[in-house]
Structure formats: structure tokens, C-alpha cells
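See structure below.
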Amino acid sequence: TQYEALAFGALISAIDPVSVLSLFNELKVHPRLNSVVFGESVLNDAVAITFYRSFIKFATHPSGHPAPLIIGEFFKIAIASSLFGMACALVLSLMLKWS
């Protein structure tokens, strides 16, 4: 179905930055460029996971078009992931500050 194709596209989109980062490591590029691409890669992975899970919900929902549920799922994943990331960053920064 079209939703399965969209889910596959979301899944495969996260692979591209991984190959670029491995190439950067081989070529010993400037650390700042490596950091920028790595940051984009992490964000790209998060978006790919969110889209994948949302499209899978579309594909497996009995009625086929549960738009409000999918939009709610998208924001639930995005917000929960952001809060988890901020909490982990806060804990790690405090650990590093006091160690």
C-alpha cells in the first residue's frame, strides 16, 4: 500500500548520513564539519523513526485513515523524545560538572 511505501521511505532515509560519516572518518575531515553532519544525522534519525511509526500506524489501522490518531502519535513521539533527550542531557551535564 502507499502507507507501507511511505514507511519504507522513512526507514531508508536514515541510512544516508551513516555512510557520509564513515567516509568523513576515512578522509579525516575537519572536526566541525563532522560535528555538523553528525548533528544532522541524529536529527534525521529521530524524524525517520517518528515518520516510520506514524506511517505504520496508518498502514495497520483497520479504517485506513485515522488522521487524528496519527497526528497525535506523531506529536506524542516527537515531544516524548525531546523531553527524554533534554532530561538525559541535563543529567549528563550535572554528572560531568560534579565529577
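Identifiers in this document derive from the order of the C-alpha cells: chains are assigned A, B, ..., residues are numbered from 1 separately in each chain, and ligands are numbered from 1 in order of occurrence.
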Problem - Residue contacts of Ala46 of chain A (9 Å, only C-alpha atoms) excluding same-chain residues fewer than 5 positions away, as number ranges by chain - result: A: 14, 41, 51, 78, 81
List as an mmCIF file with C-alpha atoms, in the first residue's frame the protein and nucleic acid residues near Val37 of chain A, meaning an atom at most 12 Å away when only C-alpha atoms are counted, but skip any in the same chain fewer than 4 places from it.
```cif
data_model
loop_
_atom_site.group_PDB
_atom_site.id
_atom_site.type_symbol
_atom_site.label_atom_id
_atom_site.label_comp_id
_atom_site.auth_asym_id
_atom_site.auth_seq_id
_atom_site.Cartn_x
_atom_site.Cartn_y
_atom_site.Cartn_z
ATOM 1 C CA ASP A 16 22.472 8.144 4.033
ATOM 2 C CA PRO A 17 24.188 10.157 6.821
ATOM 3 C CA VAL A 18 25.744 6.982 8.221
ATOM 4 C CA SER A 19 27.667 6.386 5.004
ATOM 5 C CA VAL A 20 28.737 10.043 4.846
ATOM 6 C CA LEU A 21 30.029 9.934 8.428
ATOM 7 C CA SER A 22 32.035 6.791 7.769
ATOM 8 C CA LEU A 23 33.543 8.451 4.697
ATOM 9 C CA PHE A 24 34.394 11.538 6.760
ATOM 10 C CA ASN A 25 36.234 9.359 9.275
ATOM 11 C CA VAL A 29 37.739 15.933 7.549
ATOM 12 C CA HIS A 30 37.634 19.000 9.816
ATOM 13 C CA PRO A 31 36.031 18.123 13.189
ATOM 14 C CA ARG A 32 33.500 20.960 12.914
ATOM 15 C CA LEU A 33 32.124 19.613 9.618
ATOM 16 C CA SER A 41 22.286 12.665 11.245
ATOM 17 C CA VAL A 42 20.889 12.390 14.774
ATOM 18 C CA LEU A 43 18.002 14.712 13.930
ATOM 19 C CA ASN A 44 17.400 12.825 10.683
#
```
Problem - Residues near Phe55 of chain A, cut-off 12 Å, only C-alpha atoms, skip fewer than 6 positions along chain, as an MDAnalysis selection string - result: chainID A and resid 1:11 48:49 61 64:67 69:71 73:74
Restricting the output to N, CA, C and O atoms, write the selected residues as an mmCIF file, in the first residue's frame.
```cif
data_model
loop_
_atom_site.group_PDB
_atom_site.id
_atom_site.type_symbol
_atom_site.label_atom_id
_atom_site.label_comp_id
_atom_site.auth_asym_id
_atom_site.auth_seq_id
_atom_site.Cartn_x
_atom_site.Cartn_y
_atom_site.Cartn_z
ATOM 1 N N THR A 1 0.832 -1.185 0.000
ATOM 2 C CA THR A 1 0.000 0.000 0.000
ATOM 3 C C THR A 1 0.880 1.253 0.000
ATOM 4 O O THR A 1 2.089 1.171 0.205
ATOM 5 N N GLN A 2 0.249 2.384 -0.169
ATOM 6 C CA GLN A 2 1.010 3.637 -0.190
ATOM 7 C C GLN A 2 1.615 3.951 1.172
ATOM 8 O O GLN A 2 2.704 4.526 1.248
ATOM 9 N N TYR A 3 0.945 3.560 2.257
ATOM 10 C CA TYR A 3 1.487 3.845 3.587
ATOM 11 C C TYR A 3 2.690 2.960 3.900
ATOM 12 O O TYR A 3 3.623 3.385 4.579
ATOM 13 N N GLU A 4 2.680 1.732 3.397
ATOM 14 C CA GLU A 4 3.848 0.867 3.566
ATOM 15 C C GLU A 4 5.035 1.421 2.785
ATOM 16 O O GLU A 4 6.176 1.361 3.240
ATOM 17 N N ALA A 5 4.785 1.971 1.604
ATOM 18 C CA ALA A 5 5.855 2.581 0.815
ATOM 19 C C ALA A 5 6.417 3.815 1.530
ATOM 20 O O ALA A 5 7.635 4.035 1.553
ATOM 21 N N LEU A 6 5.538 4.617 2.134
ATOM 22 C CA LEU A 6 5.999 5.780 2.893
ATOM 23 C C LEU A 6 6.804 5.355 4.119
ATOM 24 O O LEU A 6 7.820 5.973 4.453
ATOM 25 N N ALA A 7 6.364 4.279 4.778
ATOM 26 C CA ALA A 7 7.103 3.773 5.937
ATOM 27 C C ALA A 7 8.485 3.287 5.515
ATOM 28 O O ALA A 7 9.488 3.543 6.196
ATOM 29 N N PHE A 8 8.568 2.596 4.385
ATOM 30 C CA PHE A 8 9.864 2.143 3.887
ATOM 31 C C PHE A 8 10.755 3.332 3.545
ATOM 32 O O PHE A 8 11.952 3.335 3.847
ATOM 33 N N GLY A 9 10.202 4.353 2.923
ATOM 34 C CA GLY A 9 10.970 5.559 2.602
ATOM 35 C C GLY A 9 11.497 6.244 3.848
ATOM 36 O O GLY A 9 12.638 6.707 3.881
ATOM 37 N N ALA A 10 10.682 6.305 4.891
ATOM 38 C CA ALA A 10 11.126 6.901 6.152
ATOM 39 C C ALA A 10 12.236 6.069 6.778
ATOM 40 O O ALA A 10 13.204 6.604 7.317
ATOM 41 N N LEU A 11 12.127 4.758 6.672
ATOM 42 C CA LEU A 11 13.134 3.864 7.239
ATOM 43 C C LEU A 11 14.461 3.970 6.509
ATOM 44 O O LEU A 11 15.526 4.055 7.120
ATOM 45 N N ALA A 48 13.072 10.194 11.103
ATOM 46 C CA ALA A 48 12.777 8.948 10.390
ATOM 47 C C ALA A 48 12.012 7.978 11.286
ATOM 48 O O ALA A 48 11.044 7.347 10.841
ATOM 49 N N ILE A 49 12.418 7.863 12.544
ATOM 50 C CA ILE A 49 11.704 6.971 13.470
ATOM 51 C C ILE A 49 10.276 7.450 13.683
ATOM 52 O O ILE A 49 9.330 6.652 13.664
ATOM 53 N N HIS A 61 -3.949 0.385 10.553
ATOM 54 C CA HIS A 61 -5.229 0.774 11.135
ATOM 55 C C HIS A 61 -6.365 0.197 10.308
ATOM 56 O O HIS A 61 -6.344 0.267 9.075
ATOM 57 N N GLY A 64 -8.068 2.569 7.837
ATOM 58 C CA GLY A 64 -7.174 3.043 6.790
ATOM 59 C C GLY A 64 -6.814 4.508 6.863
ATOM 60 O O GLY A 64 -5.788 4.908 6.361
ATOM 61 N N HIS A 65 -7.629 5.348 7.488
ATOM 62 C CA HIS A 65 -7.347 6.791 7.511
ATOM 63 C C HIS A 65 -7.620 7.394 8.893
ATOM 64 O O HIS A 65 -8.490 8.246 9.037
ATOM 65 N N PRO A 66 -6.872 6.996 9.898
ATOM 66 C CA PRO A 66 -7.089 7.565 11.232
ATOM 67 C C PRO A 66 -6.251 8.818 11.452
ATOM 68 O O PRO A 66 -5.403 8.870 12.332
ATOM 69 N N ALA A 67 -6.457 9.837 10.639
ATOM 70 C CA ALA A 67 -5.598 11.022 10.657
ATOM 71 C C ALA A 67 -5.422 11.633 12.050
ATOM 72 O O ALA A 67 -4.288 11.912 12.443
ATOM 73 N N LEU A 69 -5.541 10.240 14.945
ATOM 74 C CA LEU A 69 -4.715 9.342 15.751
ATOM 75 C C LEU A 69 -3.253 9.404 15.329
ATOM 76 O O LEU A 69 -2.350 9.383 16.162
ATOM 77 N N ILE A 70 -3.023 9.484 14.037
ATOM 78 C CA ILE A 70 -1.651 9.510 13.529
ATOM 79 C C ILE A 70 -0.979 10.829 13.895
ATOM 80 O O ILE A 70 0.182 10.848 14.306
ATOM 81 N N ILE A 71 -1.694 11.918 13.757
ATOM 82 C CA ILE A 71 -1.126 13.216 14.120
ATOM 83 C C ILE A 71 -0.811 13.243 15.611
ATOM 84 O O ILE A 71 0.254 13.707 16.028
ATOM 85 N N GLU A 73 -0.132 10.610 17.468
ATOM 86 C CA GLU A 73 1.023 9.720 17.654
ATOM 87 C C GLU A 73 2.322 10.425 17.278
ATOM 88 O O GLU A 73 3.326 10.317 17.979
ATOM 89 N N PHE A 74 2.295 11.159 16.173
ATOM 90 C CA PHE A 74 3.484 11.886 15.728
ATOM 91 C C PHE A 74 3.952 12.870 16.795
ATOM 92 O O PHE A 74 5.121 12.896 17.176
#
```
Exercise for the section: Run DSSP on the backbone of this structure and report the residues of chain A it assigns to helix (DSSP H, G or I), as a PyMOL selection string. Expected result: chain A and resi 2-12+16-27+31-60+67-97
Practice task
Using only C-alpha atoms, determine which residues lie at most 12 Å from Ile79 of chain A, disregarding the query and same-chain residues fewer than 6 positions distant; provide the list as a list in words.
Solution key: Ala46, Val47, Thr50, Gly72, Glu73, Gly85 and Met86 of chain A
Just-selected residues, C-alpha atoms written as a short mmCIF file (atom, residue, chain, number, x, y, z; two decimals), in the first residue's frame:
```cif
data_model
loop_
_atom_site.label_atom_id
_atom_site.label_comp_id
_atom_site.auth_asym_id
_atom_site.auth_seq_id
_atom_site.Cartn_x
_atom_site.Cartn_y
_atom_site.Cartn_z
CA ALA A 46 14.72 10.95 15.06
CA VAL A 47 12.49 12.25 12.28
CA THR A 50 8.77 9.29 14.09
CA GLY A 72 -1.47 12.60 17.85
CA GLU A 73 1.02 9.72 17.65
CA GLY A 85 16.79 13.86 25.30
CA MET A 86 16.72 17.02 27.39
#
```
Problem - Between atom CA of Asp45 of chain A and atom CA of Cys88 of chain A, distance in Å (one decimal) - result: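 Going from atom CA of Asp45 of chain A over to atom CA of Cys88 of chain A, I get 17.5 Å.
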Exercise for the section: Could you please determine the separation between atom CA of Phe58 of chain A and atom CA of Phe75 of chain A in Å, to one decimal place? Expected result: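 Distance between the two atoms: 14.8 Å.
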